[in-house]
file query_39.txt (compact mmCIF, C-alpha atoms)
# COMPACT_ATOMS: atom_id res chain seq x y z
CA MET A 1 112.50 80.90 109.97
CA ALA A 2 112.26 83.73 112.53
CA THR A 3 115.23 85.52 110.96
CA PHE A 4 113.84 85.02 107.46
CA LEU A 5 110.44 86.47 108.44
CA LEU A 6 112.20 89.39 110.14
CA ALA A 7 114.04 90.15 106.89
CA ILE A 8 110.75 90.00 104.96
CA SER A 9 109.14 92.32 107.52
CA LEU A 10 111.97 94.84 107.24
CA SER A 11 111.77 94.73 103.43
CA ALA A 12 108.00 95.26 103.52
CA GLY A 13 108.39 98.14 105.95
CA TRP A 14 111.07 99.70 103.76
CA GLN A 15 108.73 99.66 100.76
CA LEU A 16 105.62 100.86 102.61
CA THR A 17 107.42 103.88 104.03
CA TYR A 18 107.96 105.14 100.48
CA GLY A 19 104.21 105.78 100.22
CA PRO A 20 104.44 109.44 101.32
CA TYR A 21 107.24 110.08 98.80
CA VAL A 22 104.93 109.01 95.98
CA ALA A 23 102.23 111.38 97.20
CA ASP A 24 104.72 114.23 97.51
CA TYR A 25 106.22 114.00 94.04
CA SER A 26 103.32 112.72 91.92
CA ARG A 27 101.73 116.16 92.24
CA TYR A 28 104.41 117.57 89.94
CA LEU A 29 103.67 115.20 87.05
CA PRO A 30 101.71 116.41 84.01
CA ARG A 31 98.05 115.40 84.05
CA THR A 32 98.60 113.45 80.84
CA THR A 33 100.93 111.00 82.63
CA THR A 34 99.31 107.56 82.56
CA GLU A 35 98.61 105.55 85.72
CA ARG A 36 100.63 102.65 84.31
CA LYS A 37 103.71 104.84 83.84
CA VAL A 38 103.42 106.32 87.34
CA PHE A 39 103.06 102.89 88.92
CA THR A 40 105.77 101.19 86.86
CA THR A 41 108.45 103.84 87.34
CA THR A 42 107.70 104.22 91.05
CA TRP A 43 107.68 100.48 91.62
CA LEU A 44 110.85 99.82 89.62
CA GLY A 45 112.75 102.65 91.27
CA SER A 46 111.72 101.57 94.75
CA VAL A 47 112.35 97.86 94.24
CA ILE A 48 115.63 98.16 92.33
CA GLY A 49 116.98 100.84 94.64
CA SER A 50 116.27 98.84 97.78
CA GLN A 51 116.79 95.26 96.68
CA TRP A 52 120.26 95.64 95.22
CA SER A 53 121.47 97.23 98.46
CA MET A 54 119.71 94.62 100.60
CA THR A 55 121.19 91.83 98.50
CA PHE A 56 124.62 93.40 98.81
CA GLY A 57 124.14 93.72 102.57
CA ALA A 58 123.17 90.06 102.88
CA LEU A 59 126.27 88.98 100.92
CA VAL A 60 128.57 91.23 102.93
CA ALA A 61 127.12 90.02 106.24
CA ALA A 62 127.56 86.42 105.13
CA VAL A 63 131.21 87.01 104.23
CA ALA A 64 132.27 89.35 107.04
CA GLY A 65 130.12 88.06 109.88
CA ASP A 66 130.58 89.87 113.20
CA ALA A 67 133.23 92.20 111.76
CA PHE A 68 130.58 93.91 109.64
CA LEU A 69 127.96 94.07 112.41
CA SER A 70 130.08 96.22 114.71
CA GLU A 71 131.32 98.93 112.29
CA GLN A 72 129.54 98.81 108.93
CA VAL A 73 130.90 101.99 107.31
CA GLU A 74 134.45 101.44 108.60
CA TRP A 75 134.43 97.85 107.35
CA LEU A 76 133.37 98.94 103.85
CA GLY A 77 136.03 101.65 103.78
CA GLY A 78 138.72 99.22 104.87
CA LEU A 79 137.58 96.73 102.26
CA ALA A 80 138.54 99.19 99.52
CA GLY A 81 142.24 98.94 100.28
CA PRO A 82 144.06 102.07 98.99
CA ALA A 83 143.24 105.34 100.75
CA ALA A 84 141.94 107.03 97.57
CA ILE A 85 139.36 104.30 96.94
CA ALA A 86 138.37 104.25 100.61
CA PHE A 87 137.85 108.02 100.45
CA LEU A 88 135.58 107.62 97.41
CA ILE A 89 133.50 105.00 99.22
CA TYR A 90 133.10 107.27 102.22
CA LEU A 91 132.18 110.13 99.87
CA VAL A 92 129.51 108.00 98.16
CA ILE A 93 128.04 107.05 101.55
CA LEU A 94 128.04 110.69 102.70
CA VAL A 95 126.43 112.06 99.53
CA GLY A 96 123.85 109.27 99.62
CA LYS A 97 122.89 110.15 103.18
CA LEU A 98 122.63 113.85 102.37
CA THR A 99 120.46 113.15 99.33
CA VAL A 100 117.97 110.86 101.02
CA ASN A 101 117.72 113.10 104.10
CA CYS A 102 116.86 116.08 101.92
CA LEU A 103 113.93 114.01 100.69
CA ASN A 104 113.11 113.00 104.28
CA ALA A 105 113.10 116.64 105.41
CA TYR A 106 110.85 117.59 102.51
CA GLY A 107 108.47 114.69 103.15
CA GLY A 108 108.28 115.47 106.86
CA PHE A 109 107.60 119.12 106.11
CA MET A 110 104.83 118.35 103.60
CA SER A 111 103.14 115.85 105.94
CA SER A 112 103.23 118.29 108.86
CA VAL A 113 101.91 121.19 106.79
CA THR A 114 99.12 119.00 105.41
CA THR A 115 98.13 118.01 108.95
CA VAL A 116 98.25 121.55 110.34
CA THR A 117 96.39 123.20 107.46
CA ALA A 118 93.67 120.55 107.70
CA PHE A 119 92.78 122.05 111.10
CA THR A 120 93.58 125.70 110.44
CA GLY A 121 92.17 125.87 106.92
CA GLY A 122 95.25 127.72 105.70
CA ARG A 123 96.38 127.58 102.09
CA GLY A 124 100.06 128.37 102.53
CA ILE A 125 102.95 128.76 104.93
CA SER A 126 105.61 131.46 105.06
CA PRO A 127 109.25 130.77 104.10
CA ARG A 128 110.32 131.55 107.69
CA ARG A 129 108.00 128.91 109.12
CA ARG A 130 109.12 126.42 106.49
CA SER A 131 112.75 126.92 107.44
CA LEU A 132 111.93 126.63 111.15
CA LEU A 133 109.93 123.45 110.67
CA ILE A 134 112.62 121.78 108.56
CA THR A 135 115.32 122.82 111.04
CA VAL A 136 113.35 121.26 113.89
CA PHE A 137 112.92 118.03 111.91
CA VAL A 138 116.61 117.76 111.05
CA THR A 139 117.69 118.58 114.63
CA ILE A 140 115.41 115.93 116.13
CA SER A 141 116.62 113.38 113.57
CA VAL A 142 120.27 114.07 114.39
CA LEU A 143 119.64 113.76 118.13
CA ILE A 144 117.82 110.45 117.64
CA ALA A 145 120.65 109.16 115.46
CA LEU A 146 123.26 110.10 118.07
CA LEU A 147 121.31 108.51 120.91
CA ALA A 148 120.71 105.32 118.90
CA SER A 149 124.28 104.98 117.61
CA GLN A 150 125.45 102.73 120.46
CA ASP A 151 123.16 99.92 119.33
CA PHE A 152 122.19 101.12 115.87
CA LEU A 153 121.12 97.88 114.20
CA ASP A 154 118.79 96.83 117.00
CA ASN A 155 117.31 100.33 117.34
CA PHE A 156 116.89 100.63 113.57
CA LYS A 157 115.17 97.25 113.39
CA ASN A 158 112.72 98.25 116.12
CA PHE A 159 112.10 101.60 114.42
CA VAL A 160 111.32 100.05 111.03
CA LEU A 161 109.06 97.43 112.63
CA THR A 162 107.19 100.19 114.48
CA LEU A 163 106.72 102.06 111.21
CA LEU A 164 105.50 98.84 109.65
CA MET A 165 102.92 98.47 112.41
CA VAL A 166 101.38 101.90 111.71
CA PHE A 167 101.89 101.97 107.93
CA THR A 168 100.34 98.57 107.18
CA PRO A 169 96.75 99.51 108.19
CA TRP A 170 97.17 102.89 106.47
CA SER A 171 98.25 101.21 103.22
CA ALA A 172 95.51 98.58 103.48
CA ILE A 173 92.81 101.26 103.82
CA ASN A 174 94.16 103.33 100.94
CA LEU A 175 94.48 100.40 98.55
CA THR A 176 91.14 98.88 99.52
CA ASP A 177 89.34 102.17 99.07
CA TYR A 178 91.03 103.06 95.80
CA TYR A 179 90.65 99.72 94.02
CA LEU A 180 87.58 98.09 95.62
CA ILE A 181 85.43 101.03 96.79
CA SER A 182 86.21 104.11 94.71
CA LYS A 183 87.45 101.94 91.83
CA GLU A 184 90.03 104.55 90.84
CA ARG A 185 87.48 107.39 90.87
CA VAL A 186 88.33 110.30 93.17
CA ASP A 187 86.74 113.71 93.66
CA VAL A 188 90.01 115.63 94.07
CA PRO A 189 88.53 119.06 94.99
CA ALA A 190 86.40 117.40 97.69
CA LEU A 191 89.54 116.12 99.39
CA TYR A 192 90.26 119.72 100.43
CA ASP A 193 86.70 120.56 101.53
CA PRO A 194 85.71 119.37 105.05
CA LYS A 195 82.06 119.89 104.11
CA GLY A 196 82.37 118.10 100.78
CA ARG A 197 81.75 114.54 99.64
CA TYR A 198 84.26 112.97 102.02
CA GLY A 199 83.58 115.14 105.07
CA GLY A 200 86.09 116.22 107.68
CA TRP A 201 86.65 112.76 109.20
CA ASN A 202 86.26 109.25 107.85
CA VAL A 203 85.12 107.52 111.04
CA GLY A 204 84.98 104.07 109.46
CA ALA A 205 88.56 104.33 108.21
CA LEU A 206 89.79 105.57 111.61
CA VAL A 207 88.07 102.67 113.38
CA ALA A 208 89.55 100.13 110.95
CA TYR A 209 92.97 101.77 111.35
CA GLY A 210 92.82 101.51 115.14
CA VAL A 211 91.65 97.90 115.03
CA GLY A 212 94.43 97.06 112.56
CA ILE A 213 97.08 98.41 114.93
CA VAL A 214 95.66 96.74 118.05
CA ALA A 215 95.36 93.39 116.25
CA GLN A 216 99.12 93.38 115.66
CA ILE A 217 100.13 93.73 119.32
CA PRO A 218 100.07 89.98 120.20
CA PHE A 219 102.26 89.31 117.14
CA LEU A 220 104.94 91.98 117.70
CA ALA A 221 108.61 91.01 118.03
CA GLN A 222 110.51 93.99 119.42
CA THR A 223 112.96 94.70 122.20
CA LEU A 224 110.46 96.65 124.28
CA TYR A 225 107.63 94.18 123.82
CA THR A 226 107.27 90.67 122.42
CA GLY A 227 103.74 89.37 121.95
CA PRO A 228 102.62 85.99 123.29
CA VAL A 229 101.90 84.62 119.82
CA THR A 230 105.39 85.66 118.70
CA LYS A 231 106.93 83.72 121.58
CA ALA A 232 104.97 80.65 120.51
CA LEU A 233 106.36 81.12 116.98
CA ASP A 234 109.96 81.24 118.26
CA GLY A 235 110.28 84.96 117.62
CA ALA A 236 108.80 85.09 114.09
CA ASP A 237 107.19 88.48 113.41
CA ILE A 238 104.02 88.19 111.31
CA SER A 239 102.30 91.24 112.83
CA TRP A 240 102.17 93.20 109.56
CA ILE A 241 100.44 90.32 107.76
CA VAL A 242 97.84 90.15 110.54
CA GLY A 243 97.39 93.92 110.44
CA LEU A 244 96.92 93.89 106.67
CA VAL A 245 94.26 91.17 106.71
CA VAL A 246 92.36 92.45 109.76
CA THR A 247 92.24 96.04 108.47
CA VAL A 248 90.83 94.98 105.10
CA VAL A 249 88.24 92.69 106.74
CA VAL A 250 87.09 95.49 109.06
CA TYR A 251 87.20 98.39 106.60
CA LEU A 252 85.70 96.81 103.47
CA PRO A 253 82.11 96.23 104.78
CA ILE A 254 82.09 99.64 106.50
CA ALA A 255 83.21 101.42 103.35
CA ARG A 256 80.68 99.62 101.19
CA ARG A 257 77.88 101.02 103.38
CA THR A 258 79.19 104.53 103.95
CA ALA A 259 81.40 105.49 100.99
CA ASN A 260 80.18 107.97 98.41
CA PRO A 261 82.56 107.72 95.44
CA PRO A 262 81.91 109.84 92.33
CA ALA A 263 80.62 108.26 89.14
CA GLU A 264 83.81 109.33 87.39
CA MET A 265 87.15 110.97 88.18
CA ILE A 266 86.78 114.65 89.12
CA TYR A 267 89.85 116.84 88.69
CA PRO A 268 90.37 120.38 89.98
CA ALA A 269 89.58 123.02 87.37
CA ASP A 270 92.54 124.50 85.52
CA LEU A 271 93.43 128.11 86.32
CA GLU A 272 92.65 129.03 82.75
CA GLU A 273 89.16 127.57 83.06
CA LEU A 274 88.59 129.45 86.31
CA ASP A 275 89.59 132.74 84.67
CA MET A 276 87.10 132.07 81.86
CA ARG A 277 84.30 131.48 84.36
CA LYS A 278 84.84 134.64 86.42
CA PRO A 279 82.69 137.01 84.27
CA ALA A 280 79.80 134.55 84.29
CA LEU A 281 79.96 134.26 88.09
CA THR A 282 80.03 138.03 88.66
CA PRO A 283 76.55 139.38 89.54
call {"tool": "encode", "arguments": {"input": "query_39.txt", "output": "structure tokens"}}
result
Amino acid sequence: MATFLLAISLSAGWQLTYGPYVADYSRYLPRTTTERKVFTTTWLGSVIGSQWSMTFGALVAAVAGDAFLSEQVEWLGGLAGPAAIAFLIYLVILVGKLTVNCLNAYGGFMSSVTTVTAFTGGRGISPRRRSLLITVFVTISVLIALLASQDFLDNFKNFVLTLLMVFTPWSAINLTDYYLISKERVDVPALYDPKGRYGGWNVGALVAYGVGIVAQIPFLAQTLYTGPVTKALDGADISWIVGLVVTVVVYLPIARRTANPPAEMIYPADLEELDMRKPALTP
């Protein structure tokens, strides 16, 4: 049961960490794109892309056993037989890693810029700073990968579970606010105005986020720390479930008292509409 719950936790963490990707790329969709289409295509791509590989991994691990656990890529290459086929498998793995890490570098860059500009009030960043920031991200990632390579599976498991611990309250707050508080009505321009409807800080959300993280500590199952409740459950990790429930319970009553959602969805004005308004706004 502990191993089964660990697999569920890793799968949940894998899906939750795709949240920033959705935010990054949904901005490029036409405004006429329906919510159903955005949700369906994102969900199908995420689930199909992850579940087929996880299913394949489970089958391979069941067949190969310890031989697969020690050298995963080498075992897959050797499984191919002839050198040409083995080369193609290695090539697929390499291209796959390059592709996903381009997305990771982009996502890390966008998240960092969003955080920095929230404090500086800037509206852009120079190409030189973009290149420097992405280079720093990639360098740190490579160093972490090299340091973790001696015990990759255990380090990767702990890393994903740590992400799950911080992403679960974040996801719970976002979903609760969007569907139960705002009810799919967002003032988009106000998101970029610290003095607008939402203010500079959402204290209630930050409190619920902190409580959601702390509540998971007794239920953690990691190498560095194993919570007392986890020991009583023979190593089963249910921390993310606890974090999800506790965050919703804490945030929902706070948001109902303090939230100020708009009566209807408010979109940013089109550039064409702004150009039409300029003469009327000129004194």
call {"tool": "atom_distance", "arguments": {"input": "query_39.txt", "atom1": "atom CA of Ser239 of chain A", "atom2": "atom CA of Phe219 of chain A"}}
result
4.7 Å
call {"tool": "closest_residue", "arguments": {"input": "query_39.txt", "among": "A:Ala7, A:Leu224, A:Leu88, A:Ala145", "to": "Thr55 of chain A", "atoms": "only C-alpha atoms"}}
result
A:Ala7
call {"tool": "residues_near_point", "arguments": {"input": "query_39.txt", "point": "(106.3, 101.0, 99.7)", "cutoff": "12 Å", "atoms": "all atoms listed in the file", "output": "number ranges by chain"}}
result
A: 10-23, 39, 42-47, 49-50, 163-164, 167-168, 170-172, 175
call {"tool": "write_last_selection", "arguments": {"input": "query_39.txt", "atoms": "C-alpha atoms", "output": "PDB file, in the coordinates of the input"}}
result
ATOM      1  CA  LEU A  10     111.970  94.840 107.240  1.00  0.00           C
ATOM      2  CA  SER A  11     111.770  94.730 103.430  1.00  0.00           C
ATOM      3  CA  ALA A  12     108.000  95.260 103.520  1.00  0.00           C
ATOM      4  CA  GLY A  13     108.390  98.140 105.950  1.00  0.00           C
ATOM      5  CA  TRP A  14     111.070  99.700 103.760  1.00  0.00           C
ATOM      6  CA  GLN A  15     108.730  99.660 100.760  1.00  0.00           C
ATOM      7  CA  LEU A  16     105.620 100.860 102.610  1.00  0.00           C
ATOM      8  CA  THR A  17     107.420 103.880 104.030  1.00  0.00           C
ATOM      9  CA  TYR A  18     107.960 105.140 100.480  1.00  0.00           C
ATOM     10  CA  GLY A  19     104.210 105.780 100.220  1.00  0.00           C
ATOM     11  CA  PRO A  20     104.440 109.440 101.320  1.00  0.00           C
ATOM     12  CA  TYR A  21     107.240 110.080  98.800  1.00  0.00           C
ATOM     13  CA  VAL A  22     104.930 109.010  95.980  1.00  0.00           C
ATOM     14  CA  ALA A  23     102.230 111.380  97.200  1.00  0.00           C
ATOM     15  CA  PHE A  39     103.060 102.890  88.920  1.00  0.00           C
ATOM     16  CA  THR A  42     107.700 104.220  91.050  1.00  0.00           C
ATOM     17  CA  TRP A  43     107.680 100.480  91.620  1.00  0.00           C
ATOM     18  CA  LEU A  44     110.850  99.820  89.620  1.00  0.00           C
ATOM     19  CA  GLY A  45     112.750 102.650  91.270  1.00  0.00           C
ATOM     20  CA  SER A  46     111.720 101.570  94.750  1.00  0.00           C
ATOM     21  CA  VAL A  47     112.350  97.860  94.240  1.00  0.00           C
ATOM     22  CA  GLY A  49     116.980 100.840  94.640  1.00  0.00           C
ATOM     23  CA  SER A  50     116.270  98.840  97.780  1.00  0.00           C
ATOM     24  CA  LEU A 163     106.720 102.060 111.210  1.00  0.00           C
ATOM     25  CA  LEU A 164     105.500  98.840 109.650  1.00  0.00           C
ATOM     26  CA  PHE A 167     101.890 101.970 107.930  1.00  0.00           C
ATOM     27  CA  THR A 168     100.340  98.570 107.180  1.00  0.00           C
ATOM     28  CA  TRP A 170      97.170 102.890 106.470  1.00  0.00           C
ATOM     29  CA  SER A 171      98.250 101.210 103.220  1.00  0.00           C
ATOM     30  CA  ALA A 172      95.510  98.580 103.480  1.00  0.00           C
ATOM     31  CA  LEU A 175      94.480 100.400  98.550  1.00  0.00           C
TER      32      LEU A 175
END
call {"tool": "closest_residue", "arguments": {"input": "query_39.txt", "among": "A:Asp187, A:Asp177, A:Glu264, A:Glu74", "to": "Ala205 of chain A", "atoms": "all atoms listed in the file"}}
result
A:Asp177
call {"tool": "residues_around", "arguments": {"input": "query_39.txt", "residues": "segment 200-203 of chain A", "least_positions_apart": "4", "cutoff": "12 Å", "atoms": "only C-alpha atoms", "output": "list in words"}}
result
Ala118, Phe119, Gly121, Ile173, Asp177, Ala190, Leu191, Tyr192, Asp193, Pro194, Lys195, Gly196, Val207, Ala208, Tyr209, Gly210, Tyr251, Ile254, Ala255, Thr258, Ala259 and Asn260 of chain A
call {"tool": "atom_distance", "arguments": {"input": "query_39.txt", "atom1": "atom CA of Ile144 of chain A", "atom2": "atom CA of Arg129 of chain A"}}
result
22.6 Å
call {"tool": "closest_residue", "arguments": {"input": "query_39.txt", "among": "A:Cys102, A:Leu206, A:Ala2, A:Ala62", "to": "Lys231 of chain A", "atoms": "all atoms listed in the file"}}
result
A:Ala2
call {"tool": "atom_distance", "arguments": {"input": "query_39.txt", "atom1": "atom CA of Phe137 of chain A", "atom2": "atom CA of Val160 of chain A"}}
result
18.1 Å
call {"tool": "closest_residue", "arguments": {"input": "query_39.txt", "among": "A:Trp240, A:Lys157, A:Ala263, A:Leu220", "to": "Glu184 of chain A", "atoms": "all atoms listed in the file"}}
result
A:Ala263
call {"tool": "closest_residue", "arguments": {"input": "query_39.txt", "among": "A:Ile125, A:Ala58, A:Val188, A:Val248", "to": "Tyr267 of chain A", "atoms": "all atoms listed in the file"}}
result
A:Val188
call {"tool": "residues_around", "arguments": {"input": "query_39.txt", "residues": "segment 104-111 of chain A", "least_positions_apart": "5", "cutoff": "9 Å", "atoms": "only C-alpha atoms", "output": "list in words"}}
result
Pro20, Tyr21, Asp24, Thr99, Val116, Arg130, Leu133, Ile134, Thr135, Phe137 and Val138 of chain A
call {"tool": "closest_residue", "arguments": {"input": "query_39.txt", "among": "A:Ile266, A:Ile93, A:Leu233, A:Val245", "to": "Arg185 of chain A", "atoms": "all atoms listed in the file"}}
result
A:Ile266
call {"tool": "residues_around", "arguments": {"input": "query_39.txt", "residues": "Val229 of chain A", "least_positions_apart": "6", "cutoff": "10 Å", "atoms": "all atoms listed in the file", "output": "PDB file with C-alpha atoms, in the coordinates of the input"}}
result
ATOM      1  CA  ILE A 217     100.130  93.730 119.320  1.00  0.00           C
ATOM      2  CA  PRO A 218     100.070  89.980 120.200  1.00  0.00           C
ATOM      3  CA  PHE A 219     102.260  89.310 117.140  1.00  0.00           C
ATOM      4  CA  LEU A 220     104.940  91.980 117.700  1.00  0.00           C
ATOM      5  CA  ALA A 221     108.610  91.010 118.030  1.00  0.00           C
ATOM      6  CA  GLY A 235     110.280  84.960 117.620  1.00  0.00           C
ATOM      7  CA  ALA A 236     108.800  85.090 114.090  1.00  0.00           C
ATOM      8  CA  ASP A 237     107.190  88.480 113.410  1.00  0.00           C
ATOM      9  CA  ILE A 238     104.020  88.190 111.310  1.00  0.00           C
ATOM     10  CA  SER A 239     102.300  91.240 112.830  1.00  0.00           C
TER      11      SER A 239
END
